[in-house]
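Structure file coords39.txt (compact mmCIF, C-alpha atoms and all ligand atoms) follows.
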```txt
# COMPACT_ATOMS: atom_id res chain seq x y z
CA MET A 1 -23.75 21.86 -5.68
CA LYS A 2 -26.30 20.09 -7.80
CA GLN A 3 -26.41 16.36 -8.40
CA LYS A 4 -26.81 15.55 -12.07
CA ARG A 5 -27.78 12.32 -13.79
CA ILE A 6 -24.47 11.14 -15.19
CA PHE A 7 -23.74 8.27 -17.54
CA LEU A 8 -20.14 6.97 -17.55
CA LYS A 9 -19.85 5.16 -20.85
CA ASN A 10 -17.63 2.20 -21.70
CA ALA A 11 -15.26 2.34 -18.73
CA THR A 12 -12.87 -0.26 -17.37
CA LEU A 13 -13.80 -0.78 -13.73
CA LEU A 14 -11.30 -1.58 -11.01
CA THR A 15 -13.19 -3.13 -8.12
CA GLU A 16 -12.35 -3.00 -4.43
CA LYS A 17 -11.18 -6.61 -4.73
CA GLY A 18 -8.84 -5.77 -7.61
CA ASP A 19 -10.96 -7.29 -10.38
CA ILE A 20 -10.82 -5.62 -13.78
CA LEU A 21 -14.19 -5.37 -15.55
CA ARG A 22 -14.02 -4.03 -19.10
CA HIS A 23 -16.64 -2.26 -21.25
CA LYS A 24 -19.00 -1.22 -18.45
CA ASN A 25 -21.37 1.72 -18.10
CA ILE A 26 -22.26 3.34 -14.79
CA PHE A 27 -25.44 5.36 -14.39
CA ILE A 28 -25.45 7.81 -11.50
CA LYS A 29 -28.54 9.51 -10.17
CA GLU A 30 -29.24 11.44 -6.94
CA GLY A 31 -25.73 10.79 -5.70
CA LYS A 32 -25.97 7.03 -5.99
CA ILE A 33 -24.90 4.37 -8.42
CA CYS A 34 -28.15 3.45 -10.08
CA SER A 35 -27.01 0.75 -12.51
CA VAL A 36 -23.90 -0.91 -13.94
CA THR A 37 -24.47 -2.23 -17.46
CA ASP A 38 -22.50 -3.67 -20.36
CA GLU A 39 -21.40 -1.64 -23.34
CA GLY A 40 -24.20 -1.28 -25.85
CA ALA A 41 -26.95 -1.16 -23.23
CA GLN A 42 -29.57 1.53 -23.64
CA ILE A 43 -28.52 4.95 -22.33
CA PRO A 44 -31.05 6.24 -19.79
CA GLU A 45 -32.23 9.84 -19.82
CA CYS A 46 -29.41 11.86 -18.30
CA ASP A 47 -27.76 15.29 -18.02
CA GLN A 48 -24.20 14.29 -18.90
CA ILE A 49 -22.59 11.45 -20.83
CA LEU A 50 -18.86 10.95 -20.30
CA ASP A 51 -17.04 8.69 -22.70
CA CYS A 52 -14.69 6.64 -20.50
CA THR A 53 -13.21 4.46 -23.25
CA ASP A 54 -9.68 5.56 -22.31
CA TYR A 55 -10.31 5.66 -18.56
CA TYR A 56 -10.32 3.36 -15.54
CA VAL A 57 -12.94 3.88 -12.83
CA SER A 58 -12.40 2.82 -9.22
CA PRO A 59 -14.05 3.56 -5.90
CA GLY A 60 -12.72 6.79 -4.35
CA LEU A 61 -9.76 6.66 -1.99
CA VAL A 62 -10.09 7.00 1.78
CA ASN A 63 -7.65 8.78 4.07
CA LEU A 64 -8.20 6.94 7.34
CA HIS A 65 -6.13 9.19 9.59
CA CYS A 66 -5.52 12.83 9.01
CA HIS A 67 -5.10 16.17 10.74
CA CYS A 68 -6.24 17.99 7.66
CA ALA A 69 -5.80 21.54 8.94
CA MET A 70 -2.11 20.84 9.54
CA ASN A 71 -1.66 21.50 5.85
CA ILE A 72 -0.73 25.03 6.89
CA PHE A 73 2.32 23.56 8.68
CA LYS A 74 3.56 21.67 5.64
CA GLY A 75 7.36 21.88 5.68
CA ILE A 76 7.60 23.87 8.92
CA ALA A 77 9.62 21.28 10.88
CA GLU A 78 12.07 19.28 8.80
CA ASP A 79 15.08 17.20 9.83
CA VAL A 80 14.24 17.25 13.54
CA SER A 81 13.64 14.48 16.10
CA ALA A 82 10.10 13.38 16.93
CA ASP A 83 10.56 15.07 20.31
CA ALA A 84 11.60 18.41 18.77
CA TRP A 85 8.95 18.06 16.08
CA PHE A 86 6.17 17.94 18.71
CA ASN A 87 7.51 19.99 21.61
CA GLU A 88 9.54 22.71 19.91
CA ASN A 89 7.51 23.18 16.76
CA ILE A 90 4.03 21.75 16.29
CA PHE A 91 2.51 21.99 19.78
CA PRO A 92 3.81 25.58 20.36
CA TYR A 93 2.47 26.76 16.99
CA GLU A 94 -0.81 24.89 17.48
CA SER A 95 -1.35 26.61 20.84
CA ARG A 96 -1.90 29.88 18.92
CA LEU A 97 -3.98 28.59 16.04
CA THR A 98 -7.25 30.33 15.31
CA SER A 99 -10.42 28.79 13.94
CA ASP A 100 -9.80 30.70 10.69
CA ASP A 101 -6.38 29.00 10.36
CA VAL A 102 -8.09 25.64 10.81
CA TYR A 103 -10.80 26.50 8.30
CA VAL A 104 -8.33 27.55 5.61
CA GLY A 105 -5.88 24.73 6.41
CA THR A 106 -8.68 22.17 6.14
CA LYS A 107 -9.89 23.57 2.83
CA LEU A 108 -6.35 23.45 1.43
CA GLY A 109 -5.95 19.87 2.62
CA VAL A 110 -9.29 18.86 1.15
CA ALA A 111 -8.34 20.45 -2.18
CA GLU A 112 -5.13 18.44 -2.20
CA MET A 113 -6.99 15.23 -1.37
CA LEU A 114 -9.68 15.74 -4.02
CA ASN A 115 -6.93 16.39 -6.53
CA ALA A 116 -5.41 13.02 -5.63
CA GLY A 117 -8.67 11.06 -5.74
CA VAL A 118 -9.53 11.00 -2.02
CA THR A 119 -13.30 11.12 -1.51
CA ALA A 120 -13.51 10.60 2.28
CA PHE A 121 -11.21 11.20 5.22
CA ALA A 122 -11.14 10.56 8.96
CA ASP A 123 -10.03 13.74 10.67
CA HIS A 124 -8.63 14.23 14.16
CA TYR A 125 -8.23 17.85 15.21
CA PHE A 126 -9.54 20.70 17.32
CA GLU A 127 -11.60 23.73 16.19
CA GLU A 128 -14.04 21.13 14.87
CA GLU A 129 -16.67 23.71 13.88
CA ALA A 130 -14.16 25.14 11.40
CA VAL A 131 -13.27 21.65 10.13
CA LEU A 132 -16.95 20.87 9.62
CA GLN A 133 -17.59 24.15 7.79
CA ALA A 134 -14.64 23.51 5.46
CA VAL A 135 -15.89 19.98 4.74
CA LEU A 136 -19.40 21.22 3.93
CA ASP A 137 -18.07 24.06 1.78
CA MET A 138 -15.79 21.72 -0.18
CA GLY A 139 -18.28 18.83 -0.62
CA ILE A 140 -15.99 15.96 0.45
CA ARG A 141 -17.01 13.27 2.96
CA ALA A 142 -15.47 13.38 6.43
CA ASP A 143 -15.58 11.47 9.68
CA ILE A 144 -14.70 14.16 12.20
CA ALA A 145 -13.19 13.28 15.58
CA PRO A 146 -12.63 16.41 17.69
CA THR A 147 -9.35 15.94 19.56
CA ILE A 148 -9.55 15.71 23.34
CA PHE A 149 -6.52 15.95 25.62
CA GLY A 150 -7.16 14.42 29.05
CA THR A 151 -4.36 16.60 30.42
CA ALA A 152 -6.01 19.86 29.33
CA PRO A 153 -6.91 22.14 32.28
CA ASP A 154 -10.55 22.36 31.15
CA PHE A 155 -10.95 18.66 30.32
CA ALA A 156 -14.54 18.38 31.61
CA GLY A 157 -15.65 21.45 29.66
CA ARG A 158 -13.97 20.17 26.53
CA LEU A 159 -15.63 16.75 26.83
CA ASP A 160 -19.03 18.45 27.13
CA ALA A 161 -18.30 20.73 24.18
CA VAL A 162 -17.28 17.77 22.00
CA SER A 163 -20.38 15.82 23.09
CA ASP A 164 -22.52 18.79 22.15
CA PHE A 165 -20.79 19.13 18.76
CA CYS A 166 -21.34 15.43 18.04
CA GLU A 167 -24.98 15.52 19.07
CA ARG A 168 -25.71 18.56 16.90
CA ASN A 169 -23.98 17.17 13.84
CA ARG A 170 -24.41 13.39 13.90
CA ASN A 171 -27.34 13.52 11.48
CA ARG A 172 -26.51 16.76 9.77
CA SER A 173 -25.47 15.54 6.32
CA ASP A 174 -24.76 12.39 4.33
CA LEU A 175 -21.26 13.76 3.95
CA VAL A 176 -20.46 13.96 7.66
CA ALA A 177 -19.97 11.49 10.49
CA VAL A 178 -18.72 12.32 13.98
CA ARG A 179 -16.90 10.39 16.68
CA PHE A 180 -14.80 11.03 19.80
CA GLY A 181 -11.09 11.70 19.38
CA PRO A 182 -9.18 11.08 22.61
CA HIS A 183 -5.66 12.09 21.54
CA ALA A 184 -3.71 9.13 22.95
CA PRO A 185 -3.23 7.13 26.15
CA TYR A 186 -0.12 9.22 26.94
CA THR A 187 -2.09 12.49 26.78
CA CYS A 188 -5.26 11.06 28.37
CA PRO A 189 -4.57 9.74 31.89
CA PRO A 190 -6.63 6.60 32.73
CA ASP A 191 -9.54 8.32 34.50
CA THR A 192 -10.00 10.82 31.67
CA LEU A 193 -9.74 8.15 28.98
CA ARG A 194 -12.38 6.07 30.78
CA GLU A 195 -14.62 9.12 30.95
CA ILE A 196 -14.31 9.79 27.22
CA VAL A 197 -15.04 6.15 26.34
CA LYS A 198 -18.02 6.12 28.71
CA ARG A 199 -19.41 9.22 27.01
CA ALA A 200 -18.94 7.62 23.58
CA GLU A 201 -20.80 4.57 24.86
CA GLU A 202 -23.68 6.65 26.25
CA MET A 203 -24.00 8.49 22.95
CA ASP A 204 -23.40 5.35 20.85
CA LEU A 205 -20.50 6.92 18.99
CA ASN A 206 -17.18 5.53 17.78
CA LEU A 207 -13.60 6.41 18.69
CA HIS A 208 -10.45 7.51 16.88
CA MET A 209 -7.22 7.56 18.91
CA HIS A 210 -3.44 7.42 18.49
CA ILE A 211 -2.02 4.31 20.19
CA SER A 212 1.60 3.12 20.38
CA GLU A 213 2.89 5.37 17.62
CA THR A 214 6.51 5.06 18.70
CA ARG A 215 8.67 2.61 20.60
CA GLU A 216 9.42 5.39 23.11
CA GLN A 217 5.71 5.80 23.89
CA VAL A 218 5.44 2.11 24.72
CA ALA A 219 8.52 2.26 26.95
CA ALA A 220 7.25 5.39 28.74
CA SER A 221 3.84 3.79 29.33
CA ARG A 222 5.47 0.66 30.76
CA GLU A 223 7.54 2.81 33.07
CA LEU A 224 4.63 4.93 34.25
CA TYR A 225 1.87 2.33 34.44
CA GLY A 226 3.64 -1.00 33.97
CA LYS A 227 1.36 -1.50 30.92
CA THR A 228 1.42 -0.90 27.18
CA PRO A 229 -0.65 1.93 25.63
CA PHE A 230 -2.90 -0.77 24.10
CA THR A 231 -3.51 -2.21 27.58
CA MET A 232 -4.37 1.29 28.84
CA ALA A 233 -6.83 1.66 25.96
CA TYR A 234 -8.26 -1.79 26.63
CA GLU A 235 -8.81 -1.04 30.32
CA SER A 236 -10.69 2.12 29.38
CA GLY A 237 -13.18 0.01 27.38
CA ALA A 238 -12.12 1.54 24.05
CA PHE A 239 -12.04 -1.79 22.22
CA GLU A 240 -15.72 -2.36 22.96
CA ARG A 241 -16.50 0.51 20.56
CA GLN A 242 -15.66 0.73 16.89
CA LEU A 243 -12.13 2.05 17.27
CA LEU A 244 -9.92 3.64 14.67
CA VAL A 245 -6.34 3.20 15.85
CA ALA A 246 -4.04 5.81 14.39
CA HIS A 247 -0.78 3.96 13.68
CA GLY A 248 -0.56 1.27 16.37
CA LEU A 249 2.84 0.78 14.78
CA TRP A 250 4.40 -0.58 17.97
CA VAL A 251 1.57 -2.90 18.92
CA GLU A 252 3.02 -5.78 20.97
CA GLU A 253 2.26 -9.49 20.78
CA GLU A 254 0.32 -9.36 24.07
CA ASP A 255 -1.82 -6.48 22.70
CA MET A 256 -3.13 -8.56 19.81
CA ALA A 257 -5.70 -10.24 22.09
CA TYR A 258 -7.47 -6.89 22.63
CA LEU A 259 -8.21 -6.33 18.97
CA ALA A 260 -11.85 -6.82 18.05
CA GLU A 261 -13.78 -7.18 14.81
CA GLN A 262 -14.40 -3.43 14.85
CA THR A 263 -10.78 -2.39 15.50
CA TRP A 264 -9.17 -0.66 12.53
CA PHE A 265 -5.60 0.50 12.04
CA ALA A 266 -4.58 3.49 9.91
CA MET A 267 -1.00 3.08 8.70
CA CYS A 268 0.87 6.23 7.67
CA ALA A 269 4.19 4.99 6.29
CA LYS A 270 5.66 8.32 5.18
CA THR A 271 5.42 9.63 8.74
CA TYR A 272 7.28 6.55 10.02
CA GLU A 273 10.02 7.13 7.48
CA LYS A 274 10.27 10.84 8.06
CA LEU A 275 10.39 10.69 11.85
CA ALA A 276 12.56 7.54 11.78
CA MET A 277 10.02 5.58 13.83
CA GLY A 278 11.08 2.15 12.61
CA THR A 279 8.75 -0.62 11.50
CA GLY A 280 7.08 -2.17 14.52
CA LEU A 281 5.14 -5.38 14.86
CA ALA A 282 2.18 -3.84 12.99
CA PHE A 283 4.14 -4.41 9.79
CA ARG A 284 4.87 -8.06 10.47
CA LYS A 285 1.19 -8.58 11.39
CA HIS A 286 -0.03 -7.17 8.07
CA LYS A 287 -1.92 -10.36 7.25
CA GLU A 288 -3.79 -10.29 10.57
CA LEU A 289 -4.59 -6.64 11.22
CA LYS A 290 -7.57 -4.85 9.71
CA PHE A 291 -5.81 -1.83 8.34
CA SER A 292 -5.96 0.78 5.67
CA PHE A 293 -3.91 3.91 5.03
CA GLY A 294 -3.81 7.43 6.40
CA THR A 295 -1.56 10.39 5.78
CA ASP A 296 -1.35 11.82 9.29
CA GLY A 297 -0.88 15.60 9.16
CA ALA A 298 0.98 17.23 6.29
CA ALA A 299 3.58 18.52 8.77
CA SER A 300 4.83 14.97 9.14
CA SER A 301 3.87 13.43 5.78
CA ASN A 302 4.21 16.52 3.55
CA THR A 303 1.42 15.26 1.28
CA LEU A 304 -2.14 13.99 1.73
CA ASN A 305 -1.84 11.52 -1.11
CA ILE A 306 -3.18 8.10 -0.11
CA CYS A 307 -1.81 6.25 -3.09
CA GLU A 308 1.65 7.50 -2.18
CA GLN A 309 1.18 6.31 1.43
CA ALA A 310 0.13 2.86 0.23
CA ARG A 311 3.21 2.77 -2.02
CA HIS A 312 5.55 3.73 0.82
CA TYR A 313 3.92 1.17 3.10
CA ALA A 314 4.44 -1.64 0.59
CA LEU A 315 8.02 -0.63 -0.19
CA LEU A 316 8.91 -0.26 3.47
CA GLY A 317 7.37 -3.66 4.17
CA LYS A 318 9.36 -5.30 1.41
CA PHE A 319 12.52 -3.50 2.46
CA GLU A 320 12.41 -4.41 6.13
CA SER A 321 11.35 -8.03 5.48
CA TRP A 322 14.11 -8.65 2.88
CA ASP A 323 11.36 -10.24 0.78
CA PRO A 324 10.29 -8.58 -2.50
CA CYS A 325 7.53 -11.19 -2.99
CA THR A 326 5.49 -10.07 0.00
CA TYR A 327 3.19 -7.00 0.37
CA GLU A 328 1.79 -7.93 -3.05
CA THR A 329 0.14 -5.30 -5.21
CA ILE A 330 -3.36 -6.75 -4.90
CA GLU A 331 -3.07 -7.04 -1.11
CA ILE A 332 -2.11 -3.35 -0.94
CA TRP A 333 -4.94 -2.33 -3.28
CA LYS A 334 -7.48 -4.22 -1.19
CA ALA A 335 -6.08 -2.62 1.97
CA MET A 336 -6.40 0.81 0.39
CA MET A 337 -10.02 0.11 -0.60
CA ARG A 338 -10.85 -1.33 2.83
CA GLY A 339 -10.75 2.17 4.30
CA HIS A 340 -14.40 2.52 3.22
CA GLU A 341 -15.42 -0.33 5.56
CA ALA A 342 -13.92 1.48 8.54
CA LEU A 343 -16.21 4.46 7.99
CA SER A 344 -19.98 4.52 8.14
CA PHE A 345 -20.61 5.90 4.66
CA HIS A 346 -22.17 3.50 2.16
CA THR A 347 -19.24 3.78 -0.23
CA GLY A 348 -16.40 1.69 -1.66
CA ARG A 349 -18.12 -0.48 -4.26
CA ILE A 350 -19.20 0.15 -7.82
CA GLU A 351 -22.56 -1.49 -7.37
CA PRO A 352 -26.16 -0.25 -7.50
CA GLY A 353 -27.22 1.36 -4.24
CA TYR A 354 -23.74 2.50 -3.21
CA ALA A 355 -22.96 6.20 -3.01
CA ALA A 356 -21.30 7.52 -6.15
CA ASP A 357 -17.84 8.29 -4.75
CA LEU A 358 -15.51 7.46 -7.63
CA VAL A 359 -12.17 8.20 -9.21
CA ILE A 360 -11.72 8.24 -12.97
CA TRP A 361 -8.09 7.52 -13.78
CA ASP A 362 -6.33 8.65 -16.93
CA LEU A 363 -3.29 6.42 -17.24
CA LYS A 364 -2.47 7.50 -20.79
CA LYS A 365 0.31 9.79 -19.60
CA PRO A 366 4.09 9.50 -19.75
CA ASN A 367 4.45 8.47 -16.07
CA THR A 368 1.98 5.57 -16.37
CA TRP A 369 2.09 4.53 -20.01
CA PRO A 370 2.11 1.78 -21.26
CA VAL A 371 -0.15 -0.06 -18.86
CA TYR A 372 0.45 -3.76 -18.22
CA HIS A 373 -1.74 -3.89 -15.12
CA PRO A 374 -3.74 -0.78 -14.23
CA ILE A 375 -3.55 -1.40 -10.47
CA THR A 376 0.23 -1.65 -10.60
CA SER A 377 0.33 1.57 -12.62
CA ILE A 378 -1.86 3.36 -10.08
CA LEU A 379 -0.05 2.06 -7.00
CA TYR A 380 3.49 2.43 -8.20
CA SER A 381 3.54 5.05 -10.96
CA SER A 382 0.57 7.38 -10.64
CA GLU A 383 0.52 11.00 -9.56
CA PRO A 384 -2.47 13.22 -8.82
CA SER A 385 -2.31 14.33 -12.46
CA ASN A 386 -3.55 10.83 -13.37
CA VAL A 387 -6.79 11.56 -11.51
CA ALA A 388 -8.93 13.03 -14.27
CA TYR A 389 -12.17 13.17 -12.26
CA THR A 390 -13.03 12.86 -8.57
CA MET A 391 -16.70 12.35 -7.77
CA VAL A 392 -18.23 12.61 -4.30
CA ASN A 393 -21.91 11.94 -3.76
CA GLY A 394 -22.56 12.02 -7.49
CA ILE A 395 -20.88 15.40 -8.01
CA PHE A 396 -17.61 15.99 -9.87
CA LEU A 397 -15.34 17.95 -7.50
CA LYS A 398 -12.46 17.49 -9.93
CA GLU A 399 -13.49 17.50 -13.55
CA ASP A 400 -11.34 16.99 -16.61
CA GLY A 401 -8.18 17.48 -14.54
CA ARG A 402 -9.30 20.67 -12.77
CA LEU A 403 -10.59 21.19 -9.27
CA ARG A 404 -14.00 22.75 -9.02
CA VAL A 405 -12.98 25.07 -6.16
CA ASP A 406 -11.44 28.47 -7.00
CA GLU A 407 -7.84 27.41 -6.53
CA SER A 408 -6.18 30.81 -6.74
CA ALA A 409 -8.52 32.33 -4.14
CA LEU A 410 -7.79 29.39 -1.85
CA LEU A 411 -4.03 29.80 -2.29
CA ASP A 412 -4.33 33.52 -1.42
CA GLU A 413 -6.18 32.60 1.77
CA GLY A 414 -3.40 30.11 2.57
CA ALA A 415 -0.73 32.79 2.12
CA LYS A 416 -2.55 35.15 4.52
CA VAL A 417 -2.87 32.44 7.15
CA GLN A 418 0.81 31.53 6.83
CA LYS A 419 1.86 35.18 7.28
CA ALA A 420 -0.31 35.63 10.37
CA LEU A 421 0.91 32.34 11.81
CA LEU A 422 4.56 33.33 11.52
CA GLU A 423 3.89 36.79 12.94
CA ARG A 424 2.12 35.32 15.97
CA GLY A 425 4.95 32.84 16.46
CA LYS A 426 5.08 29.97 18.94
CA GLY A 427 3.04 29.97 22.12
CA ASN A 428 3.19 27.88 25.29
CA ALA A 429 1.99 24.37 24.56
CA GLN A 430 -0.42 22.80 27.04
CA VAL A 431 0.55 19.26 26.08
CA PHE A 432 3.87 17.50 25.78
CA TYR A 433 5.07 14.56 23.82
ZN ZN A 501 -1.90 11.59 13.96
```

Translate this file's structure into structure tokens.
Ligand SMILES: [Zn+2]
Amino acid sequence: MKQKRIFLKNATLLTEKGDILRHKNIFIKEGKICSVTDEGAQIPECDQILDCTDYYVSPGLVNLHCHCAMNIFKGIAEDVSADAWFNENIFPYESRLTSDDVYVGTKLGVAEMLNAGVTAFADHYFEEEAVLQAVLDMGIRADIAPTIFGTAPDFAGRLDAVSDFCERNRNRSDLVAVRFGPHAPYTCPPDTLREIVKRAEEMDLNLHMHISETREQVAASRELYGKTPFTMAYESGAFERQLLVAHGLWVEEEDMAYLAEQTWFAMCAKTYEKLAMGTGLAFRKHKELKFSFGTDGAASSNTLNICEQARHYALLGKFESWDPCTYETIEIWKAMMRGHEALSFHTGRIEPGYAADLVIWDLKKPNTWPVYHPITSILYSSEPSNVAYTMVNGIFLKEDGRLRVDESALLDEGAKVQKALLERGKGNAQVFY
């Protein structure tokens, strides 16, 4: 895919801080934002001029926690307990997944994200070669954490394989970052978790791990070890690395002391609603935690739409606090934009030198019109159909409302994978929730 010189003319910019800057031009060259000028400024030599008079331009959205390939499980386990969701459905099906399933599932998930304005995601899954290939083929940015289960019979071999994958791909492309993905303290016994963290330290790589997703996990950890999952993670050294905490919903007061400058939380509110996980202390600490939003897998969230996750998070926060004045729109917008800071890509600002990862919003549609405040319209009323253009690395991957990828071919691939998956059925899971 070729990078063109693109001039976005007379746009209204929505910054990561929530400022609204009207009548601005953005010049994009070699995948980067080259200049931001006022309306009327001279138009540089370029390949494409897009009149943005009716549009709003913001940084792209980031999905900070995702199991993208799980898109092929969308809707497979509804109205069941968290226990049945994992042990009777997802883990048994996952035990028979092929790399082709993961490749197609990831491409489908990426297509959905690009359609909704997501330009980068942090993934946590196995069959990482297939994930990587899908990312490169689709042109989105991804921070890939191959999942490691400490309880797996071939743990040592898996750790070496993941190390090798990371080493081979750490400098492969501007679009890709890699890190270690220990699954969780409950699936990585202390010695294995320490070993993974030590390896990450030796290779100077970051971590992405589920911690204290549910109240039951915290209780089980206390019973087994007399410690919270956060304490287990702390004792492994995980907080000395840049750590992406998936959920951390049931973080406890005593755990707060472990959190470092480089500790990030990915909140996935729809999953908490769907699996009736409650709203733990992470909600009440929303002013203190460094967090942004994730979707988790589509089997639990049903969509990979970050704006929708941010909306559910805010509404859930208001609902459980009995206070409609809190979780303010601008706070939620800033939290959504903060996802860029948790990843190592130079993205998230509409300023010269930053990578050109942008969303162009068309709010002149029945669901968002009229607009009183564009950020309110985006957070509370928008749908993916309001994303007119999604740009990653200076390339439009959604243009004038249409994805660049051949959608019907991709859907056919998805149908084939679904058929094969159901024919193979459930296998014996190696891990248990
Ligand atoms: Zn997850």

Take CA of Gly394 in chain A and CA of Phe180 in chain A and report the distance between them in Å, one decimal.
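Going from CA of Gly394 in chain A over to CA of Phe180 in chain A covers 28.4 Å.
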
Chain A residues near ligand ZN 501 (chain A) within 8 Å, closest pair each, using only C-alpha atoms and all ligand atoms, as CSV:
```
residue,atom,partner,partner_atom,distance
A:His65,CA,A:ZN501,ZN,6.5
A:Cys66,CA,A:ZN501,ZN,6.3
A:His67,CA,A:ZN501,ZN,6.4
A:His124,CA,A:ZN501,ZN,7.2
A:His210,CA,A:ZN501,ZN,6.3
A:Ala246,CA,A:ZN501,ZN,6.2
A:His247,CA,A:ZN501,ZN,7.7
A:Asp296,CA,A:ZN501,ZN,4.7
A:Gly297,CA,A:ZN501,ZN,6.3
```

Could you write out that same residue set with C-alpha atoms as a compact mmCIF listing (two decimals), in the frame of the given file?
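Output file result-v3.txt follows:
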```txt
# COMPACT_ATOMS: atom_id res chain seq x y z
CA HIS A 65 -6.13 9.19 9.59
CA CYS A 66 -5.52 12.83 9.01
CA HIS A 67 -5.10 16.17 10.74
CA HIS A 124 -8.63 14.23 14.16
CA HIS A 210 -3.44 7.42 18.49
CA ALA A 246 -4.04 5.81 14.39
CA HIS A 247 -0.78 3.96 13.68
CA ASP A 296 -1.35 11.82 9.29
CA GLY A 297 -0.88 15.60 9.16
```

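For the residues A:Lys290, A:Lys270, A:His346, A:Arg158, ranking by smallest atom-to-atom distance to Tyr313 in chain A using only C-alpha atoms places A:Lys270 first.
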
If you measure from CA of Glu308 in chain A to CA of Asn89 in chain A, what distance in Å do you get, rounded to one decimal?
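Straight-line distance from CA of Glu308 in chain A to CA of Asn89 in chain A works out to 25.3 Å.
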
Selected residue of minimal separation from Asp19 in chain A among A:His373, A:Lys227, A:Lys2, A:Arg141, counting only C-alpha atoms:
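With only C-alpha atoms as the atom set, the closest residue is A:His373.
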
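Of the residues under consideration (A:Met70, A:Val110, A:Ala84, A:Ala409), A:Met70 shows the shortest atom-to-atom contact distance to Glu127 in chain A when counting all atoms listed in the file.
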
Show me a table, sorted first by chain and then by increasing residue number, of the residues of range 93-142 of chain A having an atom at most 9 Å from range 418-428 of chain A, each with its shortest atom pair and the distance in Å to one decimal, counting all atoms listed in the file and written as JSON lines.
```
{"residue": "A:Tyr93", "atom": "CA", "partner": "A:Lys426", "partner_atom": "CA", "distance": 4.6}
{"residue": "A:Glu94", "atom": "CA", "partner": "A:Gly427", "partner_atom": "CA", "distance": 7.9}
{"residue": "A:Ser95", "atom": "CA", "partner": "A:Gly427", "partner_atom": "CA", "distance": 5.7}
{"residue": "A:Arg96", "atom": "CA", "partner": "A:Gly427", "partner_atom": "CA", "distance": 5.9}
{"residue": "A:Leu97", "atom": "CA", "partner": "A:Leu421", "partner_atom": "CA", "distance": 7.5}
{"residue": "A:Asp101", "atom": "CA", "partner": "A:Leu421", "partner_atom": "CA", "distance": 8.1}
```

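You will find CA of Arg5 in chain A at 15.4 Å from CA of Thr37 in chain A.
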
Looking at A:Leu61, A:Ile375, A:Met209, A:Ala219, which one is nearest to Phe265 in chain A, with distances taken over only C-alpha atoms?
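Answer, going by the shortest atom-to-atom distance: A:Met209.
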
Nearest to Met277 in chain A: which of A:Ala82, A:Met336, A:Val251, A:Met1 is it, counting only C-alpha atoms?
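Looking at the shortest contact to Met277 in chain A, the residue is A:Ala82.
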
Counting only C-alpha atoms, what is within 10 Å of Val118 in chain A, bar same-chain residues fewer than 6 positions away, as a list in words?
Pro59, Gly60, Leu61, Val62, Asn63, Val110, Ala111, Glu112, Ile140, Arg141, Leu304, Asn305, Ile306, Cys307, Asp357, Leu358, Val359, Val387, Thr390, Met391 and Val392 of chain A

Non-local contacts of Asp47 in chain A (10 Å; all atoms listed in the file; under 3 positions in same chain excluded) as number ranges by chain:
A: 3-7, 29, 44

Please write N, CA and C atoms of range 325-335 of chain A, from the structure given just now, as a PDB file, in the first residue's frame.
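Result went into part-v9.pdb, see below:
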```pdb
ATOM      1  N   CYS A 325     -23.033  13.357  37.469  1.00  0.00           N
ATOM      2  CA  CYS A 325     -22.083  14.440  37.168  1.00  0.00           C
ATOM      3  C   CYS A 325     -20.646  13.938  37.056  1.00  0.00           C
ATOM      4  N   THR A 326     -20.424  12.690  37.396  1.00  0.00           N
ATOM      5  CA  THR A 326     -19.053  12.186  37.357  1.00  0.00           C
ATOM      6  C   THR A 326     -18.828  11.411  36.038  1.00  0.00           C
ATOM      7  N   TYR A 327     -17.611  10.928  35.803  1.00  0.00           N
ATOM      8  CA  TYR A 327     -17.237  10.300  34.527  1.00  0.00           C
ATOM      9  C   TYR A 327     -17.627  11.265  33.387  1.00  0.00           C
ATOM     10  N   GLU A 328     -17.121  12.489  33.494  1.00  0.00           N
ATOM     11  CA  GLU A 328     -17.479  13.530  32.530  1.00  0.00           C
ATOM     12  C   GLU A 328     -16.972  13.186  31.129  1.00  0.00           C
ATOM     13  N   THR A 329     -17.658  13.730  30.155  1.00  0.00           N
ATOM     14  CA  THR A 329     -17.368  13.437  28.748  1.00  0.00           C
ATOM     15  C   THR A 329     -15.895  13.683  28.399  1.00  0.00           C
ATOM     16  N   ILE A 330     -15.357  14.805  28.845  1.00  0.00           N
ATOM     17  CA  ILE A 330     -13.970  15.129  28.477  1.00  0.00           C
ATOM     18  C   ILE A 330     -12.989  14.169  29.153  1.00  0.00           C
ATOM     19  N   GLU A 331     -13.296  13.781  30.383  1.00  0.00           N
ATOM     20  CA  GLU A 331     -12.429  12.805  31.066  1.00  0.00           C
ATOM     21  C   GLU A 331     -12.403  11.486  30.272  1.00  0.00           C
ATOM     22  N   ILE A 332     -13.571  11.075  29.794  1.00  0.00           N
ATOM     23  CA  ILE A 332     -13.650   9.806  29.054  1.00  0.00           C
ATOM     24  C   ILE A 332     -12.933   9.927  27.708  1.00  0.00           C
ATOM     25  N   TRP A 333     -13.089  11.058  27.052  1.00  0.00           N
ATOM     26  CA  TRP A 333     -12.387  11.284  25.771  1.00  0.00           C
ATOM     27  C   TRP A 333     -10.874  11.212  25.973  1.00  0.00           C
ATOM     28  N   LYS A 334     -10.398  11.911  27.006  1.00  0.00           N
ATOM     29  CA  LYS A 334      -8.946  11.898  27.271  1.00  0.00           C
ATOM     30  C   LYS A 334      -8.476  10.475  27.580  1.00  0.00           C
ATOM     31  N   ALA A 335      -9.285   9.733  28.332  1.00  0.00           N
ATOM     32  CA  ALA A 335      -8.911   8.349  28.661  1.00  0.00           C
ATOM     33  C   ALA A 335      -8.833   7.513  27.389  1.00  0.00           C
TER      34      ALA A 335
END
```
